[in-house]
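Peer 1: Contents of protein_33.cif (mmCIF, C-alpha atoms and all ligand atoms):
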```cif
data_target
#
loop_
_atom_site.group_PDB
_atom_site.id
_atom_site.type_symbol
_atom_site.label_atom_id
_atom_site.label_comp_id
_atom_site.auth_asym_id
_atom_site.auth_seq_id
_atom_site.Cartn_x
_atom_site.Cartn_y
_atom_site.Cartn_z
ATOM 1 C CA MET V 1 -22.409 68.156 62.705
ATOM 2 C CA ILE V 2 -22.514 71.900 63.349
ATOM 3 C CA ARG V 3 -19.499 73.734 61.959
ATOM 4 C CA LEU V 4 -18.637 76.680 64.207
ATOM 5 C CA LYS V 5 -17.026 79.672 62.520
ATOM 6 C CA THR V 6 -13.948 81.617 63.596
ATOM 7 C CA ALA V 7 -13.873 85.421 63.716
ATOM 8 C CA GLU V 8 -11.948 85.365 60.427
ATOM 9 C CA GLN V 9 -14.590 83.152 58.826
ATOM 10 C CA PHE V 10 -17.308 85.512 60.016
ATOM 11 C CA ARG V 11 -15.342 88.336 58.380
ATOM 12 C CA LEU V 12 -15.504 86.467 55.079
ATOM 13 C CA MET V 13 -19.187 85.710 55.603
ATOM 14 C CA ARG V 14 -19.831 89.431 56.081
ATOM 15 C CA GLU V 15 -18.471 89.975 52.549
ATOM 16 C CA ALA V 16 -20.663 87.252 51.058
ATOM 17 C CA GLY V 17 -23.606 88.600 53.038
ATOM 18 C CA LYS V 18 -23.198 92.130 51.713
ATOM 19 C CA ILE V 19 -23.124 90.922 48.116
ATOM 20 C CA THR V 20 -26.172 88.750 48.746
ATOM 21 C CA GLY V 21 -28.025 91.657 50.359
ATOM 22 C CA GLU V 22 -27.259 93.991 47.510
ATOM 23 C CA ALA V 23 -28.305 91.445 44.864
ATOM 24 C CA LEU V 24 -31.609 90.962 46.704
ATOM 25 C CA LEU V 25 -32.163 94.712 46.924
ATOM 26 C CA LYS V 26 -31.454 95.178 43.201
ATOM 27 C CA GLY V 27 -33.772 92.281 42.367
ATOM 28 C CA GLY V 28 -36.491 93.895 44.478
ATOM 29 C CA GLU V 29 -36.030 97.234 42.744
ATOM 30 C CA ALA V 30 -36.598 95.492 39.407
ATOM 31 C CA VAL V 31 -40.069 94.255 40.438
ATOM 32 C CA LYS V 32 -42.466 96.134 38.152
ATOM 33 C CA ASP V 33 -45.675 95.495 36.260
ATOM 34 C CA GLY V 34 -44.894 93.687 32.989
ATOM 35 C CA VAL V 35 -41.423 92.459 33.951
ATOM 36 C CA SER V 36 -40.609 88.743 33.675
ATOM 37 C CA THR V 37 -39.250 86.723 36.563
ATOM 38 C CA LYS V 38 -36.275 85.918 34.295
ATOM 39 C CA HIS V 39 -35.454 89.618 34.217
ATOM 40 C CA ILE V 40 -35.313 89.597 38.031
ATOM 41 C CA ASP V 41 -32.966 86.632 37.817
ATOM 42 C CA ASP V 42 -30.730 88.465 35.325
ATOM 43 C CA VAL V 43 -30.490 91.478 37.642
ATOM 44 C CA VAL V 44 -29.634 89.280 40.631
ATOM 45 C CA ARG V 45 -27.029 87.299 38.703
ATOM 46 C CA SER V 46 -25.276 90.331 37.242
ATOM 47 C CA THR V 47 -25.142 92.015 40.666
ATOM 48 C CA ILE V 48 -23.560 88.933 42.232
ATOM 49 C CA GLU V 49 -21.078 88.494 39.395
ATOM 50 C CA LYS V 50 -20.137 92.182 39.416
ATOM 51 C CA TYR V 51 -18.428 91.492 42.753
ATOM 52 C CA GLY V 52 -16.665 88.371 41.526
ATOM 53 C CA ALA V 53 -19.034 86.180 43.532
ATOM 54 C CA ILE V 54 -20.950 83.145 42.312
ATOM 55 C CA PRO V 55 -24.714 82.628 42.604
ATOM 56 C CA SER V 56 -25.178 79.879 45.215
ATOM 57 C CA PHE V 57 -28.378 78.555 43.671
ATOM 58 C CA LEU V 58 -27.193 78.243 40.060
ATOM 59 C CA GLY V 59 -26.878 74.509 39.457
ATOM 60 C CA TYR V 60 -27.666 73.672 43.108
ATOM 61 C CA GLY V 61 -29.422 70.297 42.910
ATOM 62 C CA GLY V 62 -29.935 71.139 39.237
ATOM 63 C CA PHE V 63 -31.684 74.488 39.858
ATOM 64 C CA PRO V 64 -31.338 76.382 36.563
ATOM 65 C CA CYS V 65 -31.202 80.003 37.797
ATOM 66 C CA SER V 66 -29.479 82.363 40.231
ATOM 67 C CA ALA V 67 -32.557 83.503 42.158
ATOM 68 C CA CYS V 68 -35.787 81.848 43.216
ATOM 69 C CA VAL V 69 -38.700 84.070 42.239
ATOM 70 C CA SER V 70 -42.086 83.002 43.598
ATOM 71 C CA ILE V 71 -45.326 84.905 43.040
ATOM 72 C CA ASN V 72 -48.463 85.091 45.235
ATOM 73 C CA ASN V 73 -49.485 81.516 46.200
ATOM 74 C CA GLN V 74 -46.011 80.234 45.315
ATOM 75 C CA VAL V 75 -44.147 79.872 48.592
ATOM 76 C CA ILE V 76 -40.511 79.323 47.570
ATOM 77 C CA HIS V 77 -38.275 77.875 44.831
ATOM 78 C CA GLY V 78 -40.101 79.468 41.876
ATOM 79 C CA ILE V 79 -38.024 79.051 38.710
ATOM 80 C CA PRO V 80 -37.534 82.323 36.829
ATOM 81 C CA SER V 81 -38.888 82.269 33.276
ATOM 82 C CA PRO V 82 -39.219 84.784 30.430
ATOM 83 C CA ASP V 83 -42.844 83.643 30.194
ATOM 84 C CA THR V 84 -43.769 84.424 33.797
ATOM 85 C CA ILE V 85 -44.821 88.063 33.916
ATOM 86 C CA ILE V 86 -45.196 90.012 37.151
ATOM 87 C CA ARG V 87 -48.380 92.078 37.365
ATOM 88 C CA GLU V 88 -49.511 95.007 39.500
ATOM 89 C CA GLY V 89 -50.961 93.668 42.740
ATOM 90 C CA ASP V 90 -48.660 90.619 42.874
ATOM 91 C CA ILE V 91 -46.435 89.866 45.820
ATOM 92 C CA VAL V 92 -43.040 88.612 44.673
ATOM 93 C CA LYS V 93 -40.691 86.569 46.799
ATOM 94 C CA ILE V 94 -37.076 86.767 45.759
ATOM 95 C CA ASP V 95 -34.542 84.443 47.362
ATOM 96 C CA VAL V 96 -30.842 85.002 46.692
ATOM 97 C CA GLY V 97 -27.603 83.249 47.613
ATOM 98 C CA ALA V 98 -24.025 84.207 46.808
ATOM 99 C CA ILE V 99 -20.733 82.492 47.487
ATOM 100 C CA PHE V 100 -17.638 84.632 47.914
ATOM 101 C CA ARG V 101 -14.189 83.461 49.028
ATOM 102 C CA GLY V 102 -15.640 80.129 50.030
ATOM 103 C CA PHE V 103 -18.626 81.251 52.106
ATOM 104 C CA HIS V 104 -22.311 81.667 51.351
ATOM 105 C CA GLY V 105 -24.879 84.331 52.125
ATOM 106 C CA ASP V 106 -28.601 83.601 51.836
ATOM 107 C CA SER V 107 -31.429 86.129 52.032
ATOM 108 C CA ALA V 108 -35.020 86.507 50.868
ATOM 109 C CA CYS V 109 -37.724 89.143 50.938
ATOM 110 C CA THR V 110 -41.254 89.650 49.637
ATOM 111 C CA PHE V 111 -41.728 92.661 47.365
ATOM 112 C CA PRO V 112 -45.055 94.223 46.348
ATOM 113 C CA CYS V 113 -45.642 95.045 42.690
ATOM 114 C CA GLY V 114 -47.344 98.437 42.711
ATOM 115 C CA ALA V 115 -50.525 98.695 44.741
ATOM 116 C CA ILE V 116 -51.375 95.462 46.563
ATOM 117 C CA SER V 117 -54.308 94.450 48.749
ATOM 118 C CA ALA V 118 -54.337 95.422 52.414
ATOM 119 C CA GLU V 119 -54.295 91.728 53.342
ATOM 120 C CA ALA V 120 -51.240 91.062 51.161
ATOM 121 C CA GLN V 121 -49.436 94.014 52.760
ATOM 122 C CA ARG V 122 -50.331 92.745 56.222
ATOM 123 C CA LEU V 123 -48.966 89.314 55.332
ATOM 124 C CA ILE V 124 -45.678 90.851 54.162
ATOM 125 C CA ASP V 125 -45.417 92.982 57.318
ATOM 126 C CA VAL V 126 -46.239 90.133 59.688
ATOM 127 C CA THR V 127 -43.769 87.800 57.970
ATOM 128 C CA ARG V 128 -40.972 90.345 58.278
ATOM 129 C CA GLU V 129 -41.848 91.074 61.899
ATOM 130 C CA SER V 130 -42.023 87.352 62.718
ATOM 131 C CA PHE V 131 -38.397 87.078 61.575
ATOM 132 C CA TYR V 132 -37.442 89.925 63.897
ATOM 133 C CA ARG V 133 -39.299 88.314 66.810
ATOM 134 C CA GLY V 134 -37.011 85.312 66.289
ATOM 135 C CA TYR V 135 -33.947 87.493 65.895
ATOM 136 C CA GLU V 136 -34.750 89.510 69.020
ATOM 137 C CA THR V 137 -34.998 86.259 70.967
ATOM 138 C CA ILE V 138 -31.385 85.546 70.053
ATOM 139 C CA LYS V 139 -30.394 89.134 70.797
ATOM 140 C CA ALA V 140 -31.969 88.998 74.238
ATOM 141 C CA ALA V 141 -29.749 86.091 75.291
ATOM 142 C CA SER V 142 -26.440 86.894 76.936
ATOM 143 C CA LYS V 143 -23.198 85.187 76.017
ATOM 144 C CA THR V 144 -23.393 83.338 79.341
ATOM 145 C CA ASP V 145 -26.911 82.149 78.455
ATOM 146 C CA MET V 146 -25.512 80.702 75.270
ATOM 147 C CA LEU V 147 -22.371 79.207 76.756
ATOM 148 C CA GLU V 148 -24.545 77.508 79.362
ATOM 149 C CA GLY V 149 -26.894 76.246 76.673
ATOM 150 C CA ARG V 150 -29.959 78.222 77.750
ATOM 151 C CA LEU V 151 -30.907 79.490 74.273
ATOM 152 C CA ARG V 152 -32.441 76.902 71.987
ATOM 153 C CA LEU V 153 -33.849 76.889 68.492
ATOM 154 C CA GLY V 154 -37.229 76.014 69.999
ATOM 155 C CA ASP V 155 -37.215 79.440 71.685
ATOM 156 C CA VAL V 156 -36.497 81.151 68.366
ATOM 157 C CA GLY V 157 -39.051 79.141 66.375
ATOM 158 C CA HIS V 158 -41.653 79.686 69.082
ATOM 159 C CA ALA V 159 -41.215 83.457 68.863
ATOM 160 C CA VAL V 160 -41.680 83.372 65.066
ATOM 161 C CA GLN V 161 -44.682 81.051 65.221
ATOM 162 C CA THR V 162 -46.453 82.831 68.062
ATOM 163 C CA TYR V 163 -46.352 86.172 66.291
ATOM 164 C CA ALA V 164 -47.469 84.801 62.908
ATOM 165 C CA GLU V 165 -50.314 82.785 64.409
ATOM 166 C CA ALA V 166 -51.486 85.619 66.675
ATOM 167 C CA ASN V 167 -52.027 87.544 63.442
ATOM 168 C CA GLY V 168 -54.156 84.771 61.972
ATOM 169 C CA PHE V 169 -51.531 83.347 59.621
ATOM 170 C CA SER V 170 -49.821 79.958 59.538
ATOM 171 C CA VAL V 171 -46.213 78.831 59.485
ATOM 172 C CA VAL V 172 -44.955 76.472 56.784
ATOM 173 C CA ARG V 173 -43.607 73.326 58.462
ATOM 174 C CA LYS V 174 -42.348 71.353 55.500
ATOM 175 C CA PHE V 175 -39.491 73.757 54.768
ATOM 176 C CA VAL V 176 -37.228 75.305 57.375
ATOM 177 C CA GLY V 177 -34.132 77.466 57.753
ATOM 178 C CA HIS V 178 -30.642 76.061 58.115
ATOM 179 C CA GLY V 179 -27.067 76.470 59.202
ATOM 180 C CA ILE V 180 -24.864 78.126 56.572
ATOM 181 C CA GLY V 181 -21.177 78.631 55.859
ATOM 182 C CA ARG V 182 -18.943 76.810 53.422
ATOM 183 C CA ASP V 183 -22.102 74.999 52.372
ATOM 184 C CA LEU V 184 -25.366 76.719 51.554
ATOM 185 C CA HIS V 185 -27.224 74.277 53.769
ATOM 186 C CA GLU V 186 -25.472 73.077 56.898
ATOM 187 C CA SER V 187 -26.640 71.686 60.225
ATOM 188 C CA PRO V 188 -28.776 72.436 62.113
ATOM 189 C CA GLU V 189 -32.235 72.751 60.639
ATOM 190 C CA VAL V 190 -33.851 75.998 61.833
ATOM 191 C CA PRO V 191 -37.644 75.564 62.100
ATOM 192 C CA ASN V 192 -39.961 78.563 62.212
ATOM 193 C CA TYR V 193 -42.012 76.877 64.912
ATOM 194 C CA GLY V 194 -41.115 75.174 68.145
ATOM 195 C CA THR V 195 -41.417 74.674 71.860
ATOM 196 C CA PRO V 196 -39.483 76.903 74.269
ATOM 197 C CA GLY V 197 -36.588 75.132 75.937
ATOM 198 C CA ARG V 198 -36.408 72.448 73.241
ATOM 199 C CA GLY V 199 -34.268 71.862 70.199
ATOM 200 C CA GLN V 200 -30.669 72.617 69.301
ATOM 201 C CA ARG V 201 -28.765 74.847 71.696
ATOM 202 C CA LEU V 202 -27.389 78.013 70.087
ATOM 203 C CA MET V 203 -23.799 79.038 70.705
ATOM 204 C CA PRO V 204 -21.294 81.648 69.568
ATOM 205 C CA GLY V 205 -19.681 80.665 66.267
ATOM 206 C CA MET V 206 -22.895 79.415 64.692
ATOM 207 C CA ALA V 207 -24.243 80.908 61.481
ATOM 208 C CA ILE V 208 -27.869 80.297 60.607
ATOM 209 C CA ALA V 209 -30.361 81.351 57.960
ATOM 210 C CA LEU V 210 -33.668 82.107 59.696
ATOM 211 C CA GLU V 211 -36.398 82.241 57.062
ATOM 212 C CA PRO V 212 -40.066 82.277 58.007
ATOM 213 C CA MET V 213 -42.435 81.213 55.228
ATOM 214 C CA ILE V 214 -45.879 82.409 56.308
ATOM 215 C CA ASN V 215 -49.178 81.536 54.626
ATOM 216 C CA ALA V 216 -52.364 83.571 54.763
ATOM 217 C CA GLY V 217 -54.328 80.277 54.840
ATOM 218 C CA GLY V 218 -53.293 76.815 56.040
ATOM 219 C CA HIS V 219 -49.686 75.736 56.506
ATOM 220 C CA GLU V 220 -49.824 72.869 54.004
ATOM 221 C CA VAL V 221 -47.801 73.143 50.821
ATOM 222 C CA GLU V 222 -47.206 71.044 47.733
ATOM 223 C CA VAL V 223 -44.532 70.885 45.056
ATOM 224 C CA LEU V 224 -45.362 71.510 41.380
ATOM 225 C CA ASP V 225 -44.560 69.021 38.632
ATOM 226 C CA ASP V 226 -41.434 71.048 37.786
ATOM 227 C CA GLY V 227 -39.957 69.479 40.928
ATOM 228 C CA TRP V 228 -39.143 72.880 42.468
ATOM 229 C CA THR V 229 -41.969 75.373 42.838
ATOM 230 C CA VAL V 230 -43.640 75.106 46.246
ATOM 231 C CA LEU V 231 -47.277 76.274 46.401
ATOM 232 C CA THR V 232 -49.749 76.725 49.213
ATOM 233 C CA LYS V 233 -52.156 73.797 49.125
ATOM 234 C CA ASP V 234 -55.211 76.047 49.533
ATOM 235 C CA ASN V 235 -53.877 78.619 47.018
ATOM 236 C CA SER V 236 -53.659 81.291 49.695
ATOM 237 C CA LEU V 237 -50.947 83.947 49.538
ATOM 238 C CA SER V 238 -47.558 83.271 51.059
ATOM 239 C CA ALA V 239 -44.681 85.522 52.126
ATOM 240 C CA HIS V 240 -41.012 84.842 52.900
ATOM 241 C CA TYR V 241 -38.309 86.765 54.754
ATOM 242 C CA GLU V 242 -34.766 85.565 55.384
ATOM 243 C CA HIS V 243 -31.402 86.756 56.602
ATOM 244 C CA THR V 244 -28.128 85.029 57.327
ATOM 245 C CA ILE V 245 -27.318 85.541 61.011
ATOM 246 C CA ALA V 246 -23.881 85.222 62.612
ATOM 247 C CA ILE V 247 -23.926 84.432 66.308
ATOM 248 C CA THR V 248 -20.783 86.194 67.447
ATOM 249 C CA ASP V 249 -19.287 86.580 70.911
ATOM 250 C CA ASN V 250 -21.021 89.965 71.035
ATOM 251 C CA GLY V 251 -24.446 88.670 70.049
ATOM 252 C CA PRO V 252 -26.210 88.056 66.752
ATOM 253 C CA GLU V 253 -25.449 90.006 63.596
ATOM 254 C CA LEU V 254 -27.452 90.229 60.379
ATOM 255 C CA LEU V 255 -24.910 89.471 57.661
ATOM 256 C CA THR V 256 -27.204 89.995 54.686
ATOM 257 C CA TYR V 257 -28.909 93.175 55.852
ATOM 258 C CA ILE V 258 -27.851 96.278 53.997
ATOM 259 C CA GLY V 259 -29.332 99.500 55.290
HETATM 260 MG MG MG K 301 -32.787 81.654 50.816
HETATM 261 MG MG MG K 302 -32.122 79.650 53.116
#
```
Output the structure of this file as structure tokens.
Peer 2:
Amino acid sequence: MIRLKTAEQFRLMREAGKITGEALLKGGEAVKDGVSTKHIDDVVRSTIEKYGAIPSFLGYGGFPCSACVSINNQVIHGIPSPDTIIREGDIVKIDVGAIFRGFHGDSACTFPCGAISAEAQRLIDVTRESFYRGYETIKAASKTDMLEGRLRLGDVGHAVQTYAEANGFSVVRKFVGHGIGRDLHESPEVPNYGTPGRGQRLMPGMAIALEPMINAGGHEVEVLDDGWTVLTKDNSLSAHYEHTIAITDNGPELLTYIG
């Protein structure tokens, strides 16, 4: 069941989103040659807690940390460790969630460590832009379009997929975005691929996390023995970009974006 949010609930989600966005930004600023992924986690956690918020991921399904930090061919859900050291040339995905006054924010970004390859930079850029192709699809719909059920998740996923694939990359299918609110993961699922005119209809009051995971090689992924870390099956690079989006009466709003 999709839980629609009131204007007051969106106001609370804006607060959670800001904290999430700032924690992600601080985590990204900490990406440097020689730093451990646990250090990134510490920075994220202390930023979230500074605002009296709680890391959404800590303890979620048994996840031991506050941020997911995934390097290079790791797609998502990397577990921070003092033994995992970030090196110049790596691309580092940080995924952050924070709960504040009962509502979650969820956001992810891929950060370069120092100088990276041109291909890695292109992957990061295309992944980010693929998110915005999806977002712009929502933005282009009028309130009437939505109230009459003319905007569907298939339209959004199609926009993401088309852009990523036109650039020679592939879209991870096994993991998708999600509704968000009082729970970190709510209905509906938000795929980064799709067929126009198909799928869940979008309507004002919905909050979703749109989060393309784009691989430089094939779309297949597998999960490490640790039960969490998702890797590309062909060991190609992967990038991730995510924001929490409120679909308000006045159109979509990025809740986790901070200038
Ligand atoms: Mg996330
Ligand atoms: Mg998410």
Peer 1: Measure the distance from atom CA of Asn250 of chain V to atom CA of Arg152 of chain V in Å and round it to one decimal.
Peer 2: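 Taking atom CA of Asn250 of chain V as the start and atom CA of Arg152 of chain V as the end point, the length is 17.4 Å.
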Peer 1: Kindly compile the residues surrounding ligand MG 302 (chain K) within 8 Å, counting all atoms listed in the file, and format them as a PyMOL selection string.
Peer 2: chain V and resi 95+97+106-108+176-178+184-185+209-211+242-244
Peer 1: Write to file, as an mmCIF file, in the frame of the given file, the residues of the selection just made, with C-alpha atoms.
Peer 2:
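Listing of again.cif after writing:
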```cif
data_model
loop_
_atom_site.group_PDB
_atom_site.id
_atom_site.type_symbol
_atom_site.label_atom_id
_atom_site.label_comp_id
_atom_site.auth_asym_id
_atom_site.auth_seq_id
_atom_site.Cartn_x
_atom_site.Cartn_y
_atom_site.Cartn_z
ATOM 1 C CA ASP V 95 -34.542 84.443 47.362
ATOM 2 C CA GLY V 97 -27.603 83.249 47.613
ATOM 3 C CA ASP V 106 -28.601 83.601 51.836
ATOM 4 C CA SER V 107 -31.429 86.129 52.032
ATOM 5 C CA ALA V 108 -35.020 86.507 50.868
ATOM 6 C CA VAL V 176 -37.228 75.305 57.375
ATOM 7 C CA GLY V 177 -34.132 77.466 57.753
ATOM 8 C CA HIS V 178 -30.642 76.061 58.115
ATOM 9 C CA LEU V 184 -25.366 76.719 51.554
ATOM 10 C CA HIS V 185 -27.224 74.277 53.769
ATOM 11 C CA ALA V 209 -30.361 81.351 57.960
ATOM 12 C CA LEU V 210 -33.668 82.107 59.696
ATOM 13 C CA GLU V 211 -36.398 82.241 57.062
ATOM 14 C CA GLU V 242 -34.766 85.565 55.384
ATOM 15 C CA HIS V 243 -31.402 86.756 56.602
ATOM 16 C CA THR V 244 -28.128 85.029 57.327
#
```
Peer 1: Nearest residue to His104 of chain V out of V:Asp42, V:Glu15, V:Glu220, V:Asp145, using only C-alpha atoms?
Peer 2: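 Selected residue with least distance to His104 of chain V: V:Glu15.
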Peer 1: Go through V:Phe100, V:Phe131, V:Phe57, V:Tyr163 and flag the residue nearest ligand MG 301 (chain K), using all atoms listed in the file for the distances.
Peer 2: V:Phe57
Peer 1: Using all atoms listed in the file, which residues sit within 9 Å of Asp234 of chain V once same-chain residues fewer than 3 positions away are excluded, as a PDB file with C-alpha atoms, in the frame of the given file?
Peer 2:
```pdb
ATOM      1  CA  ASN V  73     -49.485  81.516  46.200  1.00  0.00           C
ATOM      2  CA  GLY V 217     -54.328  80.277  54.840  1.00  0.00           C
ATOM      3  CA  GLY V 218     -53.293  76.815  56.040  1.00  0.00           C
ATOM      4  CA  HIS V 219     -49.686  75.736  56.506  1.00  0.00           C
ATOM      5  CA  GLU V 220     -49.824  72.869  54.004  1.00  0.00           C
ATOM      6  CA  VAL V 221     -47.801  73.143  50.821  1.00  0.00           C
ATOM      7  CA  LEU V 231     -47.277  76.274  46.401  1.00  0.00           C
ATOM      8  CA  LEU V 237     -50.947  83.947  49.538  1.00  0.00           C
TER       9      LEU V 237
END
```
Peer 1: Mind giving me the straight-line distance from atom CA of Gly61 of chain V to atom CA of Thr229 of chain V in Å, one decimal?
Peer 2: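 The value is 13.5 Å.
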Peer 1: Taking into account all atoms listed in the file, which residue in the set V:Ala7, V:Val230, V:Leu147, V:Ile99 is nearest to Cys68 of chain V?
Peer 2: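 The answer is V:Val230, which sits nearest to Cys68 of chain V.
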Peer 1: Which value, in Å to one decimal, gives the distance between atom CA of Glu88 of chain V and atom CA of Cys113 of chain V?
Peer 2: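 Here the two named atoms are 5.0 Å from each other.
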Peer 1: Of the residues V:Lys26, V:Lys93, V:Lys32, V:Arg182, which is the one nearest to ligand MG 301 (chain K), using all atoms listed in the file?
Peer 2: V:Lys93
Peer 1: Exactly which residues make up the result of the PyMOL selection byres (((chain V and resi 27) around 9) and not hetatm) on this file, given as number ranges by chain?
Peer 2: V: 22-26, 28-31, 39-44, 47, 67, 94, 96
Peer 1: Determine the nearest neighbour of Gln121 of chain V from the options V:Ser238, V:Thr20, V:Ser170, V:Ser56, counting only C-alpha atoms.
Peer 2: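 Using only C-alpha atoms, Gln121 of chain V sits closest to V:Ser238.
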Peer 1: Find the spatial neighbours of Arg3 of chain V, counting all atoms listed in the file, within a cut-off of 9 Å - ignore same-chain residues fewer than 6 positions away - and output them as a tab-separated table (two decimals) with C-alpha atoms, in the frame of the given file.
Peer 2:
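Written output follows (result26.tsv):
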```
chain	number	residue	atom	x	y	z
V	179	GLY	CA	-27.07	76.47	59.20
V	180	ILE	CA	-24.86	78.13	56.57
V	181	GLY	CA	-21.18	78.63	55.86
V	186	GLU	CA	-25.47	73.08	56.90
V	187	SER	CA	-26.64	71.69	60.22
V	205	GLY	CA	-19.68	80.67	66.27
V	206	MET	CA	-22.90	79.42	64.69
V	207	ALA	CA	-24.24	80.91	61.48
```
Peer 1: I need the residue nearest Ile79 of chain V from this list: V:Gly259, V:Pro112, V:Gly227, V:Pro212. Use all atoms listed in the file for the distance.
Peer 2: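 Ranked by minimum distance to Ile79 of chain V, first place goes to V:Gly227.
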Peer 1: Using the chain letters and residue numbers of this document, give as a PDB file with C-alpha atoms, keeping the file's coordinate frame the residues selected by the PyMOL selection byres (((chain V and resi 240) around 6) and not hetatm).
Peer 2:
```
ATOM      1  CA  CYS V 109     -37.724  89.143  50.938  1.00  0.00           C
ATOM      2  CA  THR V 110     -41.254  89.650  49.637  1.00  0.00           C
ATOM      3  CA  PRO V 212     -40.066  82.277  58.007  1.00  0.00           C
ATOM      4  CA  MET V 213     -42.435  81.213  55.228  1.00  0.00           C
ATOM      5  CA  ALA V 239     -44.681  85.522  52.126  1.00  0.00           C
ATOM      6  CA  TYR V 241     -38.309  86.765  54.754  1.00  0.00           C
TER       7      TYR V 241
END
```
Peer 1: Box along x, y and z, 3 Å on every side, all listed atoms of segment 153-169 of chain V inside: centre and edge lengths in Å to one decimal, as JSON.
Peer 2:
```
{"center_x": -44.0, "center_y": 81.8, "center_z": 65.7, "size_x": 26.3, "size_y": 17.5, "size_z": 18.1}
```
Peer 1: Applying 10 Å and only C-alpha atoms, which residues near Leu58 of chain V remain after dropping the ones on its own chain fewer than 4 positions away? List them as a PyMOL selection string.
Peer 2: chain V and resi 45+54+62-68+97-98
